[in-house]
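**Student:** What follows is a single structure, and I will ask about it in a moment.
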Amino acid sequence: MVKLITDVSKYLLIWLAAMYTFWSFRYFNVGDEKRERICRRRLPHLLFLLHFLACGVLFLNTGDWKLPVLYGVQAVFLLCYMSLYGRLYRNRSEILVNNMCMLLCVGFIILARLSFDKAVRQFVIIVFSAAVTMLVPFIMDHTWQLGKIPWLYGFLGLGLLCLVHVSGNTSYGAQLSLTVAGVSVQPSEFVKISFVFFTAAMFYRSTDRRQVFITSAVAALHVLLLVMSKDLGSGLIFFITYVFMIFAATSRWSYLGLGIFSGGLASAAAWTMFSHVRVRVMAWKNPWADIDNRGYQIAQSLFAIGTGGWFGLGLCQGMPGRIPVVEKDFVFAAVSEEMGALFAFCVLLICLGCFLQFMMIACEMQALFYKLIALGLGTMYIVQVFLTAGGATKFIPSTGVTLPLVSYGGSSVLSTFVLFSVMQGLHILKRNQEEEDEYETE
């Protein structure tokens, strides 16, 4: 009976994810307020149904009574978070709140499947992150001096990266984290935010050649420190983000071309300088040549995705634990194996929907500072999603980055909450300004 319920549930989960994805994109295409309201109301219902069904299947397969308790606490948290956000910020972007909660639900489900203890730890961090970042939109809406302190952002980011390089903990060949009061923190996740603010503030001041040179030099120092710490995945995200931000600020194709050329040279240098880069590239090119060693992780990921097929094996029916570091870098493969490639594709589309909303906010902002912040954070977000999914499917070499809000990792979760909160702040700022203009006109 349990096997039958599990088999049927995987199709229901895909249907719920597909319906959520459809209505989340339908939101962008509706023309009147009534239909928008219908879309907004359907999305929470679908994500709560999906969460309930998946946790019920996990309980039936494991018999662990701690799972229903965790589900109840998570459901209450999601309901409170969405309600409180609505009460505090009337002009919030509801589609962003809903998509964020949907991605959190997927993370709740897959982490509870992989490791109950890690699921609990992740949930505690999520609650902390939600509480800490709840005031970020208010700060964005009421603080007008954020664009006047570029060097504070720059020196803060460089200082944290220097500290990691000097005394950071080594994980999988790279210096990634610091231990503070017994808690492991990955500073590069937060430097992403300060880096975007620094670049936006510098180009807000001026886009002449001197300013471009100074900003590029500081940006290069960020990337160089990440490369020296062998955190090449983050270095790539910083580099791509800067190239798009400088192009958006100056509209000069020469800068874009120079950035692409520099990226090619940097890739060649990384191949020459770092042995683990060569290992990852060789594993990407032919994981079967050394399947017991350097090709093991990507081979197991491909086996998992292939075994799951379009519809998945069903929760608790696969073996995602065979993939090393599956809860972080390769969580996409775990989702694909047990919940299906169609479900995983819906997750990627939801991430794409978040990115589209980010770009819409960027287009709406009139001040260059806010426009560049939205563009930079949106680029960082979608590049990270692409690197994670691409690495798990062997589309590109693995870079060791996480899938935002889905993968296990406290620093990643907190920084993503900050990112979404900043974007909400920009959206609220724009809507408040529009209401003030309408009031003055009347």
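Following the order of the structure tokens, chains are lettered A, B, ..., residues in each are numbered from 1, and ligands are numbered from 1.
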Leaving out region 255-258 of chain A and any residue of its chain fewer than 5 positions from it, which residues lie within 9 Å of it when counting only C-alpha atoms, given as a ChimeraX atom specification?

**Tutor:** /A:243-244,246-247,250,263

**Student:** Grab the residues selected above and save them as a tab-separated table (two decimals), in the first residue's frame with N, CA and C atoms.

**Tutor:**
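Written output follows (out-v6.tsv):
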chain	number	residue	atom	x	y	z
A	243	VAL	N	31.11	41.96	-15.28
A	243	VAL	CA	31.11	42.23	-16.72
A	243	VAL	C	29.75	42.77	-17.16
A	244	PHE	N	28.68	42.15	-16.67
A	244	PHE	CA	27.35	42.62	-17.06
A	244	PHE	C	27.01	43.97	-16.43
A	246	ILE	N	29.19	46.42	-15.68
A	246	ILE	CA	29.93	47.49	-16.34
A	246	ILE	C	29.34	47.77	-17.72
A	247	PHE	N	28.87	46.71	-18.37
A	247	PHE	CA	28.24	46.92	-19.68
A	247	PHE	C	26.93	47.69	-19.53
A	250	THR	N	27.75	51.46	-18.70
A	250	THR	CA	28.43	52.28	-19.71
A	250	THR	C	27.84	52.12	-21.11
A	263	GLY	N	38.08	36.81	-19.45
A	263	GLY	CA	37.58	35.57	-18.88
A	263	GLY	C	38.22	34.35	-19.52

**Student:** Where does DSSP see strand (DSSP E or B) in region 70-277 of chain A, if you list the residues as number ranges by chain?

**Tutor:** A: 169-171, 174-180, 183-185

**Student:** Which residues are near Leu226 (chain A)? Cut-off 10 Å, only C-alpha atoms, ignore same chain within fewer than 6 positions. Put them as a PDB file with N, CA and C atoms, in the first residue's frame.

**Tutor:**
ATOM      1  N   LEU A 158      36.799  43.166   0.668  1.00  0.00           N
ATOM      2  CA  LEU A 158      38.207  42.771   0.549  1.00  0.00           C
ATOM      3  C   LEU A 158      38.763  42.285   1.884  1.00  0.00           C
ATOM      4  N   LEU A 161      37.516  38.708   2.529  1.00  0.00           N
ATOM      5  CA  LEU A 161      38.174  37.736   1.647  1.00  0.00           C
ATOM      6  C   LEU A 161      39.635  37.536   2.038  1.00  0.00           C
ATOM      7  N   CYS A 162      40.298  38.615   2.461  1.00  0.00           N
ATOM      8  CA  CYS A 162      41.683  38.482   2.953  1.00  0.00           C
ATOM      9  C   CYS A 162      41.731  37.610   4.197  1.00  0.00           C
ATOM     10  N   VAL A 164      39.709  35.222   5.042  1.00  0.00           N
ATOM     11  CA  VAL A 164      39.508  33.820   4.644  1.00  0.00           C
ATOM     12  C   VAL A 164      40.786  33.247   4.055  1.00  0.00           C
ATOM     13  N   HIS A 165      41.459  34.037   3.218  1.00  0.00           N
ATOM     14  CA  HIS A 165      42.684  33.553   2.581  1.00  0.00           C
ATOM     15  C   HIS A 165      43.785  33.284   3.600  1.00  0.00           C
ATOM     16  N   ALA A 174      39.738  23.979  -1.191  1.00  0.00           N
ATOM     17  CA  ALA A 174      39.578  25.435  -1.250  1.00  0.00           C
ATOM     18  C   ALA A 174      39.370  25.996   0.147  1.00  0.00           C
ATOM     19  N   GLN A 175      39.890  27.210   0.344  1.00  0.00           N
ATOM     20  CA  GLN A 175      39.650  27.917   1.606  1.00  0.00           C
ATOM     21  C   GLN A 175      38.325  28.673   1.479  1.00  0.00           C
ATOM     22  N   LEU A 176      37.319  28.184   2.197  1.00  0.00           N
ATOM     23  CA  LEU A 176      35.974  28.705   1.993  1.00  0.00           C
ATOM     24  C   LEU A 176      35.381  29.398   3.208  1.00  0.00           C
ATOM     25  N   SER A 188      32.345  34.630   1.555  1.00  0.00           N
ATOM     26  CA  SER A 188      32.150  34.982   0.150  1.00  0.00           C
ATOM     27  C   SER A 188      30.680  35.093  -0.217  1.00  0.00           C
ATOM     28  N   ALA A 220      38.788  43.291  -9.618  1.00  0.00           N
ATOM     29  CA  ALA A 220      39.799  42.275  -9.916  1.00  0.00           C
ATOM     30  C   ALA A 220      40.447  41.752  -8.638  1.00  0.00           C
ATOM     31  N   LEU A 232      36.999  28.993  -6.840  1.00  0.00           N
ATOM     32  CA  LEU A 232      36.879  29.411  -8.235  1.00  0.00           C
ATOM     33  C   LEU A 232      35.422  29.578  -8.657  1.00  0.00           C
ATOM     34  N   GLY A 233      34.516  28.818  -8.054  1.00  0.00           N
ATOM     35  CA  GLY A 233      33.109  28.967  -8.386  1.00  0.00           C
ATOM     36  C   GLY A 233      32.598  30.357  -8.055  1.00  0.00           C
ATOM     37  N   SER A 234      32.906  30.831  -6.855  1.00  0.00           N
ATOM     38  CA  SER A 234      32.502  32.187  -6.466  1.00  0.00           C
ATOM     39  C   SER A 234      33.223  33.228  -7.313  1.00  0.00           C
ATOM     40  N   GLY A 235      34.501  32.985  -7.602  1.00  0.00           N
ATOM     41  CA  GLY A 235      35.253  33.907  -8.443  1.00  0.00           C
ATOM     42  C   GLY A 235      34.607  34.079  -9.811  1.00  0.00           C
ATOM     43  N   LEU A 236      34.101  32.982 -10.368  1.00  0.00           N
ATOM     44  CA  LEU A 236      33.441  33.044 -11.673  1.00  0.00           C
ATOM     45  C   LEU A 236      32.147  33.856 -11.587  1.00  0.00           C
ATOM     46  N   PHE A 238      31.454  36.277  -9.435  1.00  0.00           N
ATOM     47  CA  PHE A 238      31.823  37.689  -9.284  1.00  0.00           C
ATOM     48  C   PHE A 238      32.225  38.276 -10.637  1.00  0.00           C
TER      49      PHE A 238
END
